[in-house]
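Presented below is the structure to which this report refers.
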Amino acid sequence: MTVFARNAVVLAVLATLLSLLGLTGIWGIDGNDAERVRFGVAELALMLLLIINGFAIKRHIYQQPSSLLAQQLSWLCLLSLMLCFVGDVVNRNFAQQFYQYGSVVKHDYLADSVFFFAPGYLLLLVAVGRVAQARGVSAQFMSVTAAVAAVLAALSFINMADFDAGQRVLGITGSYAVLIAVVGVASLWLLKAYGAATAPAGIRWAALGLALAAIADALIGSLWIYGNNGEGFFPAISYVNWIVYFASQAMVQQLPLAVK
């Protein structure tokens with residue numbers, strides 16, 4: 001295990017422990033305003049440390065003999081994480097703004113974060129696509145699996161969404177549900193590129209991270225935005241989501257190191 005992987009593991013454990021504090025009611029975002037802000041800042045601080053780890057990964061790759069692909073991936077993964085961080089800031093909802101786009105979905109501010117998460121995950125999708133292409137995975141395989149994932153995601157969204165939520169919220173969350181499903185299925189591209197049984201550990205972790213990214217956003221859609229008649233199962237779902245989401249980012253971050 002590289003020092004960068006150890007750093008990611010430590011940060012993921014700390015993120016999990018922080019969320020467990022919230023789930024057990026010891027410290028979280030359902031207290032007074034000052035406590036809520038401090039907890040949100042603590043979450044974001046851990047993400048900043050993960051970004052610093054990403055900078056260290058990029059620097060290490062450029063200092064060592066490495067392929068152009070690995071160098072490109074280090075940039076793409078880092079920029080993806082930085083964009084997602086801005087989305088995390090939006091999701092912390094420090095201003096406590098609810099029902100901004102209608103009277104149906106309380107936590108509709110989550111839709112605004114898509115303007116940062118979507119380009120962030122698109123960069124990650126480009127990165128994985130380049131790896132798969134370089135390893136001989138056909139465009140047909142990637143296109144078919146992406147199309148299947150997109151159709152299933154659209155059907156799932158139709159079944160989950162409240163169509164009284166308004167066109168803006170429905171349009172943003174629906175299109176993002178399709179995108180993140182394709183990100184999740186990109187895990188298959190990595191495993192096919194290297195062979196599920198013979199893939200390096202870093203590739204397997206990255207593939208798992210991609211799958212977890214889709215799971216994390218499925219939790220947001222079903223239990224935070226549209227769950228409980230638009231009220232969301234908040235704040236418990238925010239803690240659970242953070243555990244899955246942070247672990248996903250920590251795993252995907254290792255991709256450039258695994259590509260030769």
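By order of appearance in the structure tokens: chains A, B, ..., then residues from 1 within every chain, and ligands from 1 in the order shown.
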Quiz item: Using the chain letters and numbers from this document, which residues of range 25-258 of chain A does DSSP assign to helix (DSSP H, G or I), as a ChimeraX atom specification?
Solution: /A:33-63,68-92,109-112,114-134,139-160,167-194,201-225,236-252,255-258
Quiz prompt | Selection: 9 Å around range 138-155 of chain A, only C-alpha atoms, excl. self and same-chain fewer than 3 positions, as a list of chain:residue names | solution = A:Gly129, A:Ala132, A:Gln133, A:Ile158, A:Asn159, A:Met160, A:Gly174, A:Ser175, A:Ala177, A:Val178, A:Leu179, A:Ile180, A:Ala181, A:Val182, A:Val183, A:Gly184, A:Val185, A:Ala186, A:Leu188, A:Trp189
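Among the candidates A:Ala12, A:Gly232, A:Arg6, A:Leu23, the residue lying nearest to Ser248 in chain A is A:Ala12 (atoms considered: only C-alpha atoms).
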Do you know which residues are at most 7 Å from Val104 in chain A counting only C-alpha atoms, after dropping those on the same chain fewer than 4 positions away, and could you put them as a compact mmCIF listing (two decimals) with N, CA and C atoms, in the first residue's frame?
# COMPACT_ATOMS: atom_id res chain seq x y z
N ASP A 164 -44.49 16.56 -8.81
CA ASP A 164 -44.95 17.88 -8.40
C ASP A 164 -43.80 18.77 -7.94
N ALA A 165 -42.58 18.25 -8.03
CA ALA A 165 -41.41 18.98 -7.52
C ALA A 165 -41.04 20.18 -8.38
N GLY A 230 -40.88 14.20 0.28
CA GLY A 230 -40.17 15.45 0.01
C GLY A 230 -39.48 16.05 1.21
Quiz item: Could you pull the residues within 9 Å of range 34-50 of chain A, counting only C-alpha atoms, minus those fewer than 6 positions along the same chain, as a ChimeraX atom specification?
Solution: /A:7-8,11-12,14-15,18-19,22,27-28,81-82,85,88-89,92-94,242,246,249-250,253
Quiz item: Which one is closest to Ala118 in chain A: A:Val86, A:Ala236, A:Ile29, A:Val105? Count only C-alpha atoms.
Solution: A:Val86
Output as a Markdown table one row per residue of range 70-124 of chain A within 12 Å of range 213-220 of chain A: the closest atom pair and its distance in Å to one decimal place, counting only C-alpha atoms, sorted by chain and residue number ascending.
| residue | atom | partner | partner_atom | distance |
| --- | --- | --- | --- | --- |
| A:Cys84 | CA | A:Ala213 | CA | 11.4 |
| A:Asn91 | CA | A:Ile220 | CA | 10.6 |
| A:His107 | CA | A:Ile220 | CA | 10.1 |
| A:Asp108 | CA | A:Ile220 | CA | 11.1 |
| A:Tyr109 | CA | A:Ile220 | CA | 12.0 |
| A:Leu110 | CA | A:Ile220 | CA | 8.6 |
| A:Ala111 | CA | A:Ile220 | CA | 10.3 |
| A:Ser113 | CA | A:Asp217 | CA | 11.7 |
| A:Val114 | CA | A:Asp217 | CA | 10.6 |
| A:Phe117 | CA | A:Asp217 | CA | 10.3 |
| A:Ala118 | CA | A:Asp217 | CA | 11.4 |
| A:Gly120 | CA | A:Ala213 | CA | 11.8 |
| A:Tyr121 | CA | A:Ala213 | CA | 9.2 |
| A:Leu124 | CA | A:Ala213 | CA | 10.9 |
Output the selection as an mmCIF file, in the first residue's frame - N, CA, C and O atoms for each residue.
data_model
loop_
_atom_site.group_PDB
_atom_site.id
_atom_site.type_symbol
_atom_site.label_atom_id
_atom_site.label_comp_id
_atom_site.auth_asym_id
_atom_site.auth_seq_id
_atom_site.Cartn_x
_atom_site.Cartn_y
_atom_site.Cartn_z
ATOM 1 N N CYS A 84 -16.112 18.561 -7.169
ATOM 2 C CA CYS A 84 -17.034 17.907 -6.233
ATOM 3 C C CYS A 84 -16.988 18.566 -4.859
ATOM 4 O O CYS A 84 -18.008 18.643 -4.161
ATOM 5 N N ASN A 91 -23.957 21.494 -0.612
ATOM 6 C CA ASN A 91 -24.778 20.514 0.114
ATOM 7 C C ASN A 91 -24.763 20.717 1.628
ATOM 8 O O ASN A 91 -25.671 20.235 2.321
ATOM 9 N N HIS A 107 -35.312 19.843 0.575
ATOM 10 C CA HIS A 107 -33.861 19.956 0.386
ATOM 11 C C HIS A 107 -33.515 20.149 -1.095
ATOM 12 O O HIS A 107 -32.576 19.540 -1.604
ATOM 13 N N ASP A 108 -34.253 21.042 -1.762
ATOM 14 C CA ASP A 108 -34.007 21.226 -3.190
ATOM 15 C C ASP A 108 -32.712 21.975 -3.483
ATOM 16 O O ASP A 108 -32.285 22.056 -4.638
ATOM 17 N N TYR A 109 -32.033 22.502 -2.457
ATOM 18 C CA TYR A 109 -30.710 23.095 -2.665
ATOM 19 C C TYR A 109 -29.720 22.060 -3.171
ATOM 20 O O TYR A 109 -28.700 22.404 -3.796
ATOM 21 N N LEU A 110 -30.008 20.782 -2.911
ATOM 22 C CA LEU A 110 -29.135 19.715 -3.386
ATOM 23 C C LEU A 110 -29.045 19.708 -4.907
ATOM 24 O O LEU A 110 -28.023 19.310 -5.472
ATOM 25 N N ALA A 111 -30.112 20.160 -5.570
ATOM 26 C CA ALA A 111 -30.079 20.213 -7.030
ATOM 27 C C ALA A 111 -29.022 21.206 -7.511
ATOM 28 O O ALA A 111 -28.384 21.001 -8.555
ATOM 29 N N SER A 113 -26.131 21.747 -6.314
ATOM 30 C CA SER A 113 -24.783 21.178 -6.258
ATOM 31 C C SER A 113 -24.449 20.376 -7.509
ATOM 32 O O SER A 113 -23.278 20.143 -7.815
ATOM 33 N N VAL A 114 -25.473 19.977 -8.264
ATOM 34 C CA VAL A 114 -25.250 19.216 -9.495
ATOM 35 C C VAL A 114 -24.423 20.017 -10.497
ATOM 36 O O VAL A 114 -23.668 19.455 -11.292
ATOM 37 N N PHE A 117 -21.058 18.882 -9.278
ATOM 38 C CA PHE A 117 -20.835 17.439 -9.308
ATOM 39 C C PHE A 117 -20.873 16.889 -10.730
ATOM 40 O O PHE A 117 -20.085 15.994 -11.067
ATOM 41 N N ALA A 118 -21.766 17.385 -11.559
ATOM 42 C CA ALA A 118 -21.890 16.861 -12.920
ATOM 43 C C ALA A 118 -20.597 17.035 -13.721
ATOM 44 O O ALA A 118 -20.072 16.056 -14.272
ATOM 45 N N GLY A 120 -17.678 17.525 -12.514
ATOM 46 C CA GLY A 120 -16.658 16.771 -11.797
ATOM 47 C C GLY A 120 -16.666 15.307 -12.180
ATOM 48 O O GLY A 120 -15.617 14.711 -12.490
ATOM 49 N N TYR A 121 -17.849 14.717 -12.198
ATOM 50 C CA TYR A 121 -17.944 13.298 -12.549
ATOM 51 C C TYR A 121 -17.772 13.064 -14.048
ATOM 52 O O TYR A 121 -17.351 11.977 -14.464
ATOM 53 N N LEU A 124 -14.183 12.578 -14.459
ATOM 54 C CA LEU A 124 -13.815 11.234 -14.009
ATOM 55 C C LEU A 124 -14.194 10.194 -15.061
ATOM 56 O O LEU A 124 -13.454 9.234 -15.309
#
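Between Ser238 in chain A and the residues A:Ala193, A:Leu20, A:Ile57, A:Gln167, the shortest atom-to-atom distance, using only C-alpha atoms, involves A:Leu20.
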Excluding same-chain residues fewer than 3 positions from Leu69 in chain A, what lies within 12 Å of it counting only C-alpha atoms, as a compact mmCIF listing (two decimals) with C-alpha atoms, in the first residue's frame?
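What ended up in selection37.txt:
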# COMPACT_ATOMS: atom_id res chain seq x y z
CA ILE A 61 3.49 10.93 -10.75
CA TYR A 62 5.25 13.85 -12.45
CA PRO A 65 8.94 7.88 -14.78
CA SER A 66 5.30 7.64 -15.80
CA GLN A 72 -3.41 13.12 -17.56
CA LEU A 73 -5.33 10.98 -15.09
CA SER A 74 -3.69 12.69 -12.14
CA TRP A 75 -5.00 16.02 -13.41
CA LEU A 76 -8.45 14.75 -14.32
CA CYS A 77 -8.97 13.02 -10.95
CA VAL A 126 -13.35 10.87 -19.34
CA ALA A 127 -10.45 9.57 -17.25
CA VAL A 128 -11.86 6.06 -16.98
CA GLY A 129 -12.79 6.04 -20.65
CA ARG A 130 -9.22 6.88 -21.61
CA VAL A 131 -7.87 4.06 -19.47
CA ALA A 132 -10.33 1.57 -20.93
CA GLN A 133 -9.61 2.69 -24.50
CA ALA A 134 -5.87 2.47 -23.94
CA ARG A 135 -6.30 -1.10 -22.67
CA LEU A 255 -6.54 5.41 -10.19
CA PRO A 256 -3.58 7.40 -11.59
CA LEU A 257 -1.16 5.47 -9.39
CA ALA A 258 -2.43 2.13 -10.72
CA VAL A 259 -2.05 3.04 -14.40
CA LYS A 260 1.37 2.40 -15.87
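Going from CA of Gln71 in chain A to CA of Ile243 in chain A covers 28.6 Å.
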